[in-house]
>>> print(open('upload-v2.pdb').read())   # PDB, N, CA and C atoms
MODEL        1
ATOM      1  N   MET A  16     135.811  99.595  93.365
ATOM      2  CA  MET A  16     135.255  98.377  93.891
ATOM      3  C   MET A  16     133.933  98.705  94.589
ATOM      4  N   LEU A  17     132.923  97.929  94.278
ATOM      5  CA  LEU A  17     131.627  98.092  94.923
ATOM      6  C   LEU A  17     131.539  97.164  96.123
ATOM      7  N   VAL A  18     131.100  97.720  97.217
ATOM      8  CA  VAL A  18     130.921  96.926  98.427
ATOM      9  C   VAL A  18     129.428  96.798  98.690
ATOM     10  N   PRO A  19     128.928  95.569  98.811
ATOM     11  CA  PRO A  19     127.491  95.434  99.074
ATOM     12  C   PRO A  19     127.148  95.982 100.447
ATOM     13  N   LEU A  20     126.036  96.625 100.493
ATOM     14  CA  LEU A  20     125.554  97.199 101.748
ATOM     15  C   LEU A  20     124.476  96.285 102.290
ATOM     16  N   CYS A  21     124.719  95.754 103.433
ATOM     17  CA  CYS A  21     123.761  94.845 104.040
ATOM     18  C   CYS A  21     123.103  95.552 105.212
ATOM     19  N   MET A  22     121.801  95.602 105.185
ATOM     20  CA  MET A  22     121.062  96.255 106.257
ATOM     21  C   MET A  22     120.401  95.184 107.112
ATOM     22  N   THR A  23     120.605  95.271 108.385
ATOM     23  CA  THR A  23     119.907  94.372 109.294
ATOM     24  C   THR A  23     119.178  95.209 110.316
ATOM     25  N   GLY A  24     118.045  94.713 110.769
ATOM     26  CA  GLY A  24     117.268  95.454 111.763
ATOM     27  C   GLY A  24     116.438  96.527 111.104
ATOM     28  N   ALA A  25     115.623  97.153 111.891
ATOM     29  CA  ALA A  25     114.739  98.214 111.398
ATOM     30  C   ALA A  25     115.301  99.566 111.789
ATOM     31  N   TRP A  26     114.982 100.541 110.990
ATOM     32  CA  TRP A  26     115.374 101.899 111.314
ATOM     33  C   TRP A  26     114.577 102.339 112.529
ATOM     34  N   GLY A  27     115.214 102.975 113.444
ATOM     35  CA  GLY A  27     114.517 103.470 114.629
ATOM     36  C   GLY A  27     113.917 104.832 114.367
ATOM     37  N   SER A  28     113.032 105.216 115.228
ATOM     38  CA  SER A  28     112.406 106.522 115.130
ATOM     39  C   SER A  28     112.671 107.280 116.415
ATOM     40  N   SER A  29     113.002 108.545 116.277
ATOM     41  CA  SER A  29     113.225 109.357 117.464
ATOM     42  C   SER A  29     111.917 109.947 117.987
ATOM     43  N   LEU A  30     110.834 109.741 117.259
ATOM     44  CA  LEU A  30     109.533 110.243 117.675
ATOM     45  C   LEU A  30     108.848 109.220 118.571
ATOM     46  N   ALA A  31     108.198 109.688 119.604
ATOM     47  CA  ALA A  31     107.432 108.805 120.486
ATOM     48  C   ALA A  31     105.961 108.919 120.133
ATOM     49  N   PRO A  32     105.220 107.819 120.258
ATOM     50  CA  PRO A  32     103.772 107.908 120.015
ATOM     51  C   PRO A  32     103.128 108.873 120.999
ATOM     52  N   ALA A  33     102.048 109.519 120.571
ATOM     53  CA  ALA A  33     101.325 110.428 121.457
ATOM     54  C   ALA A  33     100.718 109.634 122.610
ATOM     55  N   ASN A  34     100.671 110.231 123.766
ATOM     56  CA  ASN A  34     100.087 109.615 124.946
ATOM     57  C   ASN A  34      98.593 109.403 124.717
ATOM     58  N   ALA A  35      98.078 108.252 125.172
ATOM     59  CA  ALA A  35      96.668 107.918 124.970
ATOM     60  C   ALA A  35      95.729 108.955 125.578
ATOM     61  N   THR A  36      96.125 109.585 126.676
ATOM     62  CA  THR A  36      95.244 110.582 127.293
ATOM     63  C   THR A  36      95.122 111.828 126.424
ATOM     64  N   ILE A  37      96.093 112.054 125.568
ATOM     65  CA  ILE A  37      96.038 113.203 124.653
ATOM     66  C   ILE A  37      95.098 112.912 123.480
ATOM     67  N   ILE A  38      95.115 111.678 122.997
ATOM     68  CA  ILE A  38      94.309 111.296 121.833
ATOM     69  C   ILE A  38      92.869 110.961 122.221
ATOM     70  N   ALA A  39      92.681 110.366 123.380
ATOM     71  CA  ALA A  39      91.343 109.917 123.792
ATOM     72  C   ALA A  39      90.347 111.072 123.777
ATOM     73  N   GLY A  40      89.135 110.761 123.326
ATOM     74  CA  GLY A  40      88.084 111.767 123.284
ATOM     75  C   GLY A  40      87.161 111.529 122.099
ATOM     76  N   THR A  41      86.342 112.510 121.804
ATOM     77  CA  THR A  41      85.389 112.411 120.702
ATOM     78  C   THR A  41      85.909 113.216 119.522
ATOM     79  N   TRP A  42      85.911 112.583 118.374
ATOM     80  CA  TRP A  42      86.407 113.174 117.130
ATOM     81  C   TRP A  42      85.316 113.104 116.075
ATOM     82  N   ARG A  43      85.329 114.038 115.141
ATOM     83  CA  ARG A  43      84.414 114.017 114.000
ATOM     84  C   ARG A  43      85.197 113.526 112.795
ATOM     85  N   ILE A  44      84.603 112.569 112.067
ATOM     86  CA  ILE A  44      85.191 112.102 110.813
ATOM     87  C   ILE A  44      84.658 112.993 109.700
ATOM     88  N   VAL A  45      85.532 113.660 109.000
ATOM     89  CA  VAL A  45      85.147 114.506 107.875
ATOM     90  C   VAL A  45      85.713 113.869 106.614
ATOM     91  N   LEU A  46      84.818 113.366 105.764
ATOM     92  CA  LEU A  46      85.215 112.711 104.529
ATOM     93  C   LEU A  46      84.982 113.649 103.367
ATOM     94  N   GLU A  47      85.999 113.843 102.577
ATOM     95  CA  GLU A  47      85.924 114.709 101.405
ATOM     96  C   GLU A  47      84.703 114.362 100.549
ATOM     97  N   GLY A  48      83.872 115.361 100.278
ATOM     98  CA  GLY A  48      82.721 115.176  99.408
ATOM     99  C   GLY A  48      81.481 114.615 100.076
ATOM    100  N   GLN A  49      81.515 114.387 101.395
ATOM    101  CA  GLN A  49      80.322 113.895 102.088
ATOM    102  C   GLN A  49      79.868 114.910 103.110
ATOM    103  N   GLY A  50      78.573 115.105 103.220
ATOM    104  CA  GLY A  50      78.049 116.092 104.138
ATOM    105  C   GLY A  50      77.655 115.547 105.499
ATOM    106  N   GLN A  51      77.440 114.222 105.589
ATOM    107  CA  GLN A  51      76.972 113.694 106.867
ATOM    108  C   GLN A  51      78.116 113.535 107.857
ATOM    109  N   ALA A  52      77.784 113.758 109.127
ATOM    110  CA  ALA A  52      78.792 113.688 110.178
ATOM    111  C   ALA A  52      78.800 112.307 110.808
ATOM    112  N   CYS A  53      79.958 111.904 111.226
ATOM    113  CA  CYS A  53      80.133 110.679 111.969
ATOM    114  C   CYS A  53      81.099 110.985 113.101
ATOM    115  N   MET A  54      80.702 110.639 114.294
ATOM    116  CA  MET A  54      81.575 110.849 115.441
ATOM    117  C   MET A  54      82.334 109.554 115.723
ATOM    118  N   LEU A  55      83.541 109.686 116.196
ATOM    119  CA  LEU A  55      84.349 108.537 116.560
ATOM    120  C   LEU A  55      84.869 108.762 117.967
ATOM    121  N   HIS A  56      84.503 107.860 118.870
ATOM    122  CA  HIS A  56      84.954 107.948 120.259
ATOM    123  C   HIS A  56      86.203 107.093 120.407
ATOM    124  N   LEU A  57      87.305 107.700 120.807
ATOM    125  CA  LEU A  57      88.552 106.992 121.047
ATOM    126  C   LEU A  57      88.796 106.958 122.552
ATOM    127  N   ALA A  58      88.771 105.768 123.130
ATOM    128  CA  ALA A  58      88.930 105.610 124.581
ATOM    129  C   ALA A  58      90.409 105.481 124.948
ATOM    130  N   ARG A  59      90.728 105.806 126.196
ATOM    131  CA  ARG A  59      92.117 105.721 126.671
ATOM    132  C   ARG A  59      92.677 104.310 126.581
ATOM    133  N   ASP A  60      91.792 103.304 126.686
ATOM    134  CA  ASP A  60      92.263 101.914 126.642
ATOM    135  C   ASP A  60      92.469 101.406 125.217
ATOM    136  N   GLY A  61      92.261 102.262 124.211
ATOM    137  CA  GLY A  61      92.478 101.889 122.819
ATOM    138  C   GLY A  61      91.231 101.472 122.082
ATOM    139  N   ALA A  62      90.084 101.428 122.768
ATOM    140  CA  ALA A  62      88.832 101.078 122.100
ATOM    141  C   ALA A  62      88.368 102.249 121.229
ATOM    142  N   ALA A  63      87.654 101.922 120.152
ATOM    143  CA  ALA A  63      87.101 102.946 119.254
ATOM    144  C   ALA A  63      85.677 102.546 118.902
ATOM    145  N   ALA A  64      84.786 103.537 118.824
ATOM    146  CA  ALA A  64      83.391 103.264 118.470
ATOM    147  C   ALA A  64      82.808 104.449 117.730
ATOM    148  N   GLY A  65      82.106 104.155 116.631
ATOM    149  CA  GLY A  65      81.422 105.190 115.875
ATOM    150  C   GLY A  65      80.123 105.575 116.547
ATOM    151  N   ASP A  66      79.643 106.783 116.271
ATOM    152  CA  ASP A  66      78.377 107.262 116.816
ATOM    153  C   ASP A  66      77.682 108.061 115.715
ATOM    154  N   PRO A  67      76.575 107.610 115.145
ATOM    155  CA  PRO A  67      75.877 106.397 115.541
ATOM    156  C   PRO A  67      76.699 105.144 115.226
ATOM    157  N   ALA A  68      76.385 104.057 115.927
ATOM    158  CA  ALA A  68      77.155 102.818 115.818
ATOM    159  C   ALA A  68      77.334 102.401 114.356
ATOM    160  N   GLY A  69      78.565 102.130 113.982
ATOM    161  CA  GLY A  69      78.865 101.664 112.637
ATOM    162  C   GLY A  69      79.005 102.750 111.588
ATOM    163  N   CYS A  70      78.798 104.005 111.945
ATOM    164  CA  CYS A  70      78.858 105.068 110.931
ATOM    165  C   CYS A  70      80.238 105.174 110.295
ATOM    166  N   GLU A  71      81.269 104.751 111.015
ATOM    167  CA  GLU A  71      82.615 104.832 110.448
ATOM    168  C   GLU A  71      82.787 103.887 109.266
ATOM    169  N   VAL A  72      82.029 102.791 109.244
ATOM    170  CA  VAL A  72      82.107 101.863 108.117
ATOM    171  C   VAL A  72      81.645 102.567 106.847
ATOM    172  N   LYS A  73      80.512 103.249 106.922
ATOM    173  CA  LYS A  73      79.997 103.972 105.759
ATOM    174  C   LYS A  73      80.920 105.140 105.399
ATOM    175  N   ALA A  74      81.372 105.872 106.411
ATOM    176  CA  ALA A  74      82.217 107.038 106.153
ATOM    177  C   ALA A  74      83.558 106.648 105.548
ATOM    178  N   LEU A  75      84.149 105.573 106.040
ATOM    179  CA  LEU A  75      85.490 105.193 105.593
ATOM    180  C   LEU A  75      85.472 104.146 104.490
ATOM    181  N   GLY A  76      84.296 103.508 104.259
ATOM    182  CA  GLY A  76      84.208 102.498 103.219
ATOM    183  C   GLY A  76      85.004 101.252 103.555
ATOM    184  N   ARG A  77      85.085 100.939 104.834
ATOM    185  CA  ARG A  77      85.870  99.795 105.280
ATOM    186  C   ARG A  77      85.123  99.031 106.355
ATOM    187  N   VAL A  78      85.740  97.940 106.793
ATOM    188  CA  VAL A  78      85.146  97.197 107.894
ATOM    189  C   VAL A  78      85.186  98.050 109.152
ATOM    190  N   GLY A  79      84.429  97.633 110.155
ATOM    191  CA  GLY A  79      84.336  98.419 111.379
ATOM    192  C   GLY A  79      85.675  98.639 112.069
ATOM    193  N   VAL A  80      85.807  99.795 112.657
ATOM    194  CA  VAL A  80      86.987 100.155 113.430
ATOM    195  C   VAL A  80      86.646  99.909 114.892
ATOM    196  N   VAL A  81      87.444  99.082 115.557
ATOM    197  CA  VAL A  81      87.149  98.774 116.950
ATOM    198  C   VAL A  81      88.259  99.206 117.906
ATOM    199  N   ARG A  82      89.423  99.547 117.372
ATOM    200  CA  ARG A  82      90.545  99.971 118.212
ATOM    201  C   ARG A  82      91.310 101.073 117.499
ATOM    202  N   TRP A  83      92.141 101.748 118.258
ATOM    203  CA  TRP A  83      93.040 102.737 117.689
ATOM    204  C   TRP A  83      94.401 102.559 118.346
ATOM    205  N   ARG A  84      95.441 102.972 117.627
ATOM    206  CA  ARG A  84      96.805 102.902 118.142
ATOM    207  C   ARG A  84      97.533 104.186 117.805
ATOM    208  N   SER A  85      98.209 104.708 118.794
ATOM    209  CA  SER A  85      99.064 105.866 118.569
ATOM    210  C   SER A  85     100.391 105.366 118.013
ATOM    211  N   LYS A  86     100.852 105.990 116.959
ATOM    212  CA  LYS A  86     102.130 105.645 116.320
ATOM    213  C   LYS A  86     103.035 106.872 116.372
ATOM    214  N   PRO A  87     104.348 106.678 116.232
ATOM    215  CA  PRO A  87     105.250 107.832 116.271
ATOM    216  C   PRO A  87     104.925 108.894 115.207
ATOM    217  N   ASP A  88     104.361 108.466 114.075
ATOM    218  CA  ASP A  88     104.085 109.400 112.989
ATOM    219  C   ASP A  88     102.596 109.584 112.723
ATOM    220  N   GLY A  89     101.740 109.177 113.673
ATOM    221  CA  GLY A  89     100.318 109.384 113.455
ATOM    222  C   GLY A  89      99.437 108.504 114.312
ATOM    223  N   LEU A  90      98.307 108.120 113.725
ATOM    224  CA  LEU A  90      97.258 107.401 114.428
ATOM    225  C   LEU A  90      96.711 106.320 113.502
ATOM    226  N   ALA A  91      96.605 105.087 113.996
ATOM    227  CA  ALA A  91      96.075 103.983 113.205
ATOM    228  C   ALA A  91      94.707 103.590 113.733
ATOM    229  N   LEU A  92      93.722 103.447 112.833
ATOM    230  CA  LEU A  92      92.407 102.923 113.175
ATOM    231  C   LEU A  92      92.408 101.457 112.767
ATOM    232  N   VAL A  93      92.054 100.575 113.703
ATOM    233  CA  VAL A  93      92.288  99.144 113.568
ATOM    234  C   VAL A  93      90.978  98.362 113.627
ATOM    235  N   ASP A  94      90.871  97.289 112.823
ATOM    236  CA  ASP A  94      89.674  96.451 112.834
ATOM    237  C   ASP A  94      89.776  95.377 113.916
ATOM    238  N   GLY A  95      88.758  94.526 114.008
ATOM    239  CA  GLY A  95      88.691  93.494 115.030
ATOM    240  C   GLY A  95      89.768  92.434 114.923
ATOM    241  N   GLU A  96      90.422  92.328 113.776
ATOM    242  CA  GLU A  96      91.498  91.358 113.589
ATOM    243  C   GLU A  96      92.878  91.983 113.764
ATOM    244  N   GLY A  97      92.907  93.248 114.178
ATOM    245  CA  GLY A  97      94.180  93.911 114.426
ATOM    246  C   GLY A  97      94.832  94.537 113.207
ATOM    247  N   ARG A  98      94.108  94.588 112.092
ATOM    248  CA  ARG A  98      94.662  95.183 110.862
ATOM    249  C   ARG A  98      94.350  96.674 110.807
ATOM    250  N   THR A  99      95.343  97.447 110.427
ATOM    251  CA  THR A  99      95.130  98.880 110.254
ATOM    252  C   THR A  99      94.226  99.107 109.056
ATOM    253  N   GLN A 100      93.099  99.780 109.291
ATOM    254  CA  GLN A 100      92.163 100.092 108.219
ATOM    255  C   GLN A 100      92.374 101.500 107.673
ATOM    256  N   LEU A 101      92.924 102.370 108.495
ATOM    257  CA  LEU A 101      93.198 103.735 108.053
ATOM    258  C   LEU A 101      94.320 104.303 108.909
ATOM    259  N   PHE A 102      95.316 104.886 108.262
ATOM    260  CA  PHE A 102      96.390 105.559 108.981
ATOM    261  C   PHE A 102      96.236 107.055 108.749
ATOM    262  N   LEU A 103      96.327 107.823 109.833
ATOM    263  CA  LEU A 103      96.175 109.278 109.746
ATOM    264  C   LEU A 103      97.420 109.949 110.303
ATOM    265  N   SER A 104      97.882 110.970 109.622
ATOM    266  CA  SER A 104      99.052 111.739 110.054
ATOM    267  C   SER A 104      98.610 113.070 110.643
ATOM    268  N   PRO A 105      99.366 113.594 111.614
ATOM    269  CA  PRO A 105      98.988 114.885 112.193
ATOM    270  C   PRO A 105      99.106 116.010 111.173
ATOM    271  N   ILE A 106      98.149 116.926 111.222
ATOM    272  CA  ILE A 106      98.175 118.133 110.388
ATOM    273  C   ILE A 106      97.907 119.323 111.309
ATOM    274  N   PRO A 107      98.140 120.541 110.847
ATOM    275  CA  PRO A 107      97.932 121.718 111.703
ATOM    276  C   PRO A 107      96.526 121.774 112.297
ATOM    277  N   GLY A 108      96.444 122.378 113.460
ATOM    278  CA  GLY A 108      95.163 122.553 114.133
ATOM    279  C   GLY A 108      94.790 121.375 115.021
ATOM    280  N   GLY A 109      95.754 120.487 115.319
ATOM    281  CA  GLY A 109      95.464 119.345 116.171
ATOM    282  C   GLY A 109      94.618 118.283 115.494
ATOM    283  N   ARG A 110      94.575 118.287 114.170
ATOM    284  CA  ARG A 110      93.779 117.337 113.405
ATOM    285  C   ARG A 110      94.677 116.234 112.839
ATOM    286  N   TYR A 111      94.039 115.200 112.297
ATOM    287  CA  TYR A 111      94.746 114.098 111.642
ATOM    288  C   TYR A 111      94.128 113.883 110.269
ATOM    289  N   GLN A 112      94.967 113.517 109.277
ATOM    290  CA  GLN A 112      94.463 113.307 107.921
ATOM    291  C   GLN A 112      95.019 112.015 107.343
ATOM    292  N   GLY A 113      94.137 111.298 106.643
ATOM    293  CA  GLY A 113      94.526 110.089 105.926
ATOM    294  C   GLY A 113      93.730 110.005 104.638
ATOM    295  N   TYR A 114      93.867 108.879 103.934
ATOM    296  CA  TYR A 114      93.185 108.713 102.647
ATOM    297  C   TYR A 114      92.571 107.321 102.552
ATOM    298  N   THR A 115      91.342 107.257 102.041
ATOM    299  CA  THR A 115      90.677 105.981 101.835
ATOM    300  C   THR A 115      91.330 105.260 100.665
ATOM    301  N   ARG A 116      90.918 104.026 100.438
ATOM    302  CA  ARG A 116      91.441 103.263  99.289
ATOM    303  C   ARG A 116      91.070 103.935  97.967
ATOM    304  N   GLN A 117      89.984 104.710  97.994
ATOM    305  CA  GLN A 117      89.555 105.449  96.795
ATOM    306  C   GLN A 117      90.242 106.811  96.727
ATOM    307  N   GLU A 118      91.204 107.037  97.621
ATOM    308  CA  GLU A 118      92.018 108.253  97.684
ATOM    309  C   GLU A 118      91.234 109.503  98.073
ATOM    310  N   ALA A 119      90.120 109.319  98.773
ATOM    311  CA  ALA A 119      89.390 110.466  99.318
ATOM    312  C   ALA A 119      90.031 110.853 100.647
ATOM    313  N   SER A 120      90.140 112.139 100.869
ATOM    314  CA  SER A 120      90.733 112.647 102.103
ATOM    315  C   SER A 120      89.793 112.433 103.288
ATOM    316  N   VAL A 121      90.359 111.970 104.396
ATOM    317  CA  VAL A 121      89.629 111.798 105.653
ATOM    318  C   VAL A 121      90.350 112.623 106.703
ATOM    319  N   VAL A 122      89.608 113.473 107.405
ATOM    320  CA  VAL A 122      90.191 114.293 108.468
ATOM    321  C   VAL A 122      89.468 113.994 109.765
ATOM    322  N   LEU A 123      90.235 113.808 110.842
ATOM    323  CA  LEU A 123      89.668 113.684 112.172
ATOM    324  C   LEU A 123      89.836 115.025 112.861
ATOM    325  N   GLU A 124      88.728 115.583 113.340
ATOM    326  CA  GLU A 124      88.741 116.854 114.071
ATOM    327  C   GLU A 124      88.237 116.596 115.475
ATOM    328  N   ARG A 125      88.966 117.055 116.464
ATOM    329  CA  ARG A 125      88.574 116.835 117.858
ATOM    330  C   ARG A 125      87.339 117.662 118.205
ATOM    331  N   LEU A 126      86.381 116.991 118.855
ATOM    332  CA  LEU A 126      85.185 117.667 119.358
ATOM    333  C   LEU A 126      85.278 117.888 120.861
ATOM    334  N   ALA A 127      85.711 116.846 121.588
ATOM    335  CA  ALA A 127      85.799 116.951 123.041
ATOM    336  C   ALA A 127      86.859 115.980 123.557
ATOM    337  N   PRO A 128      87.563 116.376 124.611
ATOM    338  CA  PRO A 128      88.557 115.456 125.197
ATOM    339  C   PRO A 128      87.882 114.329 125.955
TER     340      PRO A 128
ENDMDL
END
>>> encode(input="upload-v2.pdb", output="structure tokens")
Amino acid sequence: MLVPLCMTGAWGSSLAPANATIIAGTWRIVLEGQGQACMLHLARDGAAAGDPAGCEVKALGRVGVVRWRSKPDGLALVDGEGRTQLFLSPIPGGRYQGYTRQEASVVLERLAP
């Protein structure tokens, strides 16, 4: 006899998001196949800004990133409407990696806290 399995609710995660003071600081966006640098400032209050202004749009090929959110499994870069534009997962060396819609690798490397 087959018994239907009904799932209600969401699966929980035992991982906690990283503390904002750990993530906040200046990061370099490294896009696979591009030589130009773009800095991304992540503030403790969740604000994000490219340096030079708007460089993250060109680097990521997306709308501007104005906020960031720490997630249990990584870091989300968010646009002005609250939509995640890029999700990055932690990788060795204290870096984060994600992929653009064109499947190019994007790595965030910390420059300064």
>>> closest_residue(input="upload-v2.pdb", among="A:Ser104, A:Thr41, A:Thr36, A:Thr115", to="Gly89 in chain A", atoms="only C-alpha atoms")
A:Ser104
>>> resolve_selection(input="upload-v2.pdb", expression="the PyMOL selection byres (((chain A and resi 122 and name CA) around 10) and name CA)", output="PyMOL selection string")
chain A and resi 42-47+103-106+110-114+119-121+123-125
>>> closest_residue(input="upload-v2.pdb", among="A:Ala63, A:Ile38, A:Ala68, A:Leu55", to="Ser85 in chain A", atoms="all atoms listed in the file")
A:Ile38
>>> resolve_selection(input="upload-v2.pdb", expression="the PyMOL selection byres ((chain A and resi 100) around 8)", output="list in words")
Arg77, Val78, Gly79, Val80, Ala91, Leu92, Val93, Asp94, Gly97, Arg98, Thr99, Leu101, Phe102, Leu103, Tyr114, Thr115 and Arg116 of chain A
>>> atom_distance(input="upload-v2.pdb", atom1="CA of Asp60 in chain A", atom2="CA of Glu96 in chain A")
16.8 Å
>>> atom_distance(input="upload-v2.pdb", atom1="CA of Gly48 in chain A", atom2="CA of Cys70 in chain A")
15.8 Å
>>> closest_residue(input="upload-v2.pdb", among="A:Arg59, A:Gly65, A:Met54, A:Ala35", to="Lys86 in chain A", atoms="only C-alpha atoms")
A:Ala35
>>> closest_residue(input="upload-v2.pdb", among="A:Ala39, A:Asn34, A:Gly108, A:Val81", to="Ala58 in chain A", atoms="only N, CA and C atoms")
A:Ala39
>>> atom_distance(input="upload-v2.pdb", atom1="CA of Gly61 in chain A", atom2="CA of Trp83 in chain A")
5.2 Å
>>> select_by_dssp(input="upload-v2.pdb", residues="range 30-118 of chain A", states="strand (DSSP E or B)", output="number ranges by chain")
A: 40-46, 53-57, 62-66, 82-86, 89-93, 99-106, 110-114
>>> write_last_selection(input="upload-v2.pdb", atoms="N, CA and C atoms", output="compact mmCIF listing (two decimals), in the frame of the given file")
# COMPACT_ATOMS: atom_id res chain seq x y z
N GLY A 40 89.14 110.76 123.33
CA GLY A 40 88.08 111.77 123.28
C GLY A 40 87.16 111.53 122.10
N THR A 41 86.34 112.51 121.80
CA THR A 41 85.39 112.41 120.70
C THR A 41 85.91 113.22 119.52
N TRP A 42 85.91 112.58 118.37
CA TRP A 42 86.41 113.17 117.13
C TRP A 42 85.32 113.10 116.08
N ARG A 43 85.33 114.04 115.14
CA ARG A 43 84.41 114.02 114.00
C ARG A 43 85.20 113.53 112.80
N ILE A 44 84.60 112.57 112.07
CA ILE A 44 85.19 112.10 110.81
C ILE A 44 84.66 112.99 109.70
N VAL A 45 85.53 113.66 109.00
CA VAL A 45 85.15 114.51 107.88
C VAL A 45 85.71 113.87 106.61
N LEU A 46 84.82 113.37 105.76
CA LEU A 46 85.22 112.71 104.53
C LEU A 46 84.98 113.65 103.37
N CYS A 53 79.96 111.90 111.23
CA CYS A 53 80.13 110.68 111.97
C CYS A 53 81.10 110.98 113.10
N MET A 54 80.70 110.64 114.29
CA MET A 54 81.58 110.85 115.44
C MET A 54 82.33 109.55 115.72
N LEU A 55 83.54 109.69 116.20
CA LEU A 55 84.35 108.54 116.56
C LEU A 55 84.87 108.76 117.97
N HIS A 56 84.50 107.86 118.87
CA HIS A 56 84.95 107.95 120.26
C HIS A 56 86.20 107.09 120.41
N LEU A 57 87.30 107.70 120.81
CA LEU A 57 88.55 106.99 121.05
C LEU A 57 88.80 106.96 122.55
N ALA A 62 90.08 101.43 122.77
CA ALA A 62 88.83 101.08 122.10
C ALA A 62 88.37 102.25 121.23
N ALA A 63 87.65 101.92 120.15
CA ALA A 63 87.10 102.95 119.25
C ALA A 63 85.68 102.55 118.90
N ALA A 64 84.79 103.54 118.82
CA ALA A 64 83.39 103.26 118.47
C ALA A 64 82.81 104.45 117.73
N GLY A 65 82.11 104.16 116.63
CA GLY A 65 81.42 105.19 115.88
C GLY A 65 80.12 105.58 116.55
N ASP A 66 79.64 106.78 116.27
CA ASP A 66 78.38 107.26 116.82
C ASP A 66 77.68 108.06 115.72
N ARG A 82 89.42 99.55 117.37
CA ARG A 82 90.54 99.97 118.21
C ARG A 82 91.31 101.07 117.50
N TRP A 83 92.14 101.75 118.26
CA TRP A 83 93.04 102.74 117.69
C TRP A 83 94.40 102.56 118.35
N ARG A 84 95.44 102.97 117.63
CA ARG A 84 96.80 102.90 118.14
C ARG A 84 97.53 104.19 117.80
N SER A 85 98.21 104.71 118.79
CA SER A 85 99.06 105.87 118.57
C SER A 85 100.39 105.37 118.01
N LYS A 86 100.85 105.99 116.96
CA LYS A 86 102.13 105.64 116.32
C LYS A 86 103.04 106.87 116.37
N GLY A 89 101.74 109.18 113.67
CA GLY A 89 100.32 109.38 113.46
C GLY A 89 99.44 108.50 114.31
N LEU A 90 98.31 108.12 113.72
CA LEU A 90 97.26 107.40 114.43
C LEU A 90 96.71 106.32 113.50
N ALA A 91 96.60 105.09 114.00
CA ALA A 91 96.08 103.98 113.20
C ALA A 91 94.71 103.59 113.73
N LEU A 92 93.72 103.45 112.83
CA LEU A 92 92.41 102.92 113.18
C LEU A 92 92.41 101.46 112.77
N VAL A 93 92.05 100.58 113.70
CA VAL A 93 92.29 99.14 113.57
C VAL A 93 90.98 98.36 113.63
N THR A 99 95.34 97.45 110.43
CA THR A 99 95.13 98.88 110.25
C THR A 99 94.23 99.11 109.06
N GLN A 100 93.10 99.78 109.29
CA GLN A 100 92.16 100.09 108.22
C GLN A 100 92.37 101.50 107.67
N LEU A 101 92.92 102.37 108.50
CA LEU A 101 93.20 103.74 108.05
C LEU A 101 94.32 104.30 108.91
N PHE A 102 95.32 104.89 108.26
CA PHE A 102 96.39 105.56 108.98
C PHE A 102 96.24 107.06 108.75
N LEU A 103 96.33 107.82 109.83
CA LEU A 103 96.18 109.28 109.75
C LEU A 103 97.42 109.95 110.30
N SER A 104 97.88 110.97 109.62
CA SER A 104 99.05 111.74 110.05
C SER A 104 98.61 113.07 110.64
N PRO A 105 99.37 113.59 111.61
CA PRO A 105 98.99 114.88 112.19
C PRO A 105 99.11 116.01 111.17
N ILE A 106 98.15 116.93 111.22
CA ILE A 106 98.18 118.13 110.39
C ILE A 106 97.91 119.32 111.31
N ARG A 110 94.58 118.29 114.17
CA ARG A 110 93.78 117.34 113.40
C ARG A 110 94.68 116.23 112.84
N TYR A 111 94.04 115.20 112.30
CA TYR A 111 94.75 114.10 111.64
C TYR A 111 94.13 113.88 110.27
N GLN A 112 94.97 113.52 109.28
CA GLN A 112 94.46 113.31 107.92
C GLN A 112 95.02 112.02 107.34
N GLY A 113 94.14 111.30 106.64
CA GLY A 113 94.53 110.09 105.93
C GLY A 113 93.73 110.00 104.64
N TYR A 114 93.87 108.88 103.93
CA TYR A 114 93.18 108.71 102.65
C TYR A 114 92.57 107.32 102.55
>>> decode(input="upload-v2.pdb", residues="range 102-111 of chain A", atoms="N, CA and C atoms", output="CSV table (one decimal), in the first residue's frame")
chain,number,residue,atom,x,y,z
A,102,PHE,N,23.4,35.5,-6.3
A,102,PHE,CA,23.6,34.8,-5.0
A,102,PHE,C,25.0,34.2,-5.1
A,103,LEU,N,25.7,34.4,-4.0
A,103,LEU,CA,27.1,33.9,-3.9
A,103,LEU,C,27.3,32.9,-2.8
A,104,SER,N,28.0,31.8,-3.0
A,104,SER,CA,28.2,30.8,-1.9
A,104,SER,C,29.6,31.0,-1.4
A,105,PRO,N,29.9,30.7,-0.1
A,105,PRO,CA,31.3,30.7,0.4
A,105,PRO,C,32.2,29.7,-0.3
A,106,ILE,N,33.4,30.1,-0.6
A,106,ILE,CA,34.4,29.2,-1.1
A,106,ILE,C,35.7,29.4,-0.3
A,107,PRO,N,36.6,28.5,-0.4
A,107,PRO,CA,37.9,28.7,0.4
A,107,PRO,C,38.5,30.0,0.3
A,108,GLY,N,39.2,30.4,1.3
A,108,GLY,CA,39.9,31.7,1.3
A,108,GLY,C,39.1,32.9,1.7
A,109,GLY,N,37.9,32.6,2.3
A,109,GLY,CA,37.1,33.7,2.7
A,109,GLY,C,36.4,34.5,1.6
A,110,ARG,N,36.3,33.8,0.4
A,110,ARG,CA,35.7,34.4,-0.8
A,110,ARG,C,34.3,33.9,-1.0
A,111,TYR,N,33.6,34.5,-1.9
A,111,TYR,CA,32.2,34.0,-2.3
A,111,TYR,C,32.2,33.9,-3.8
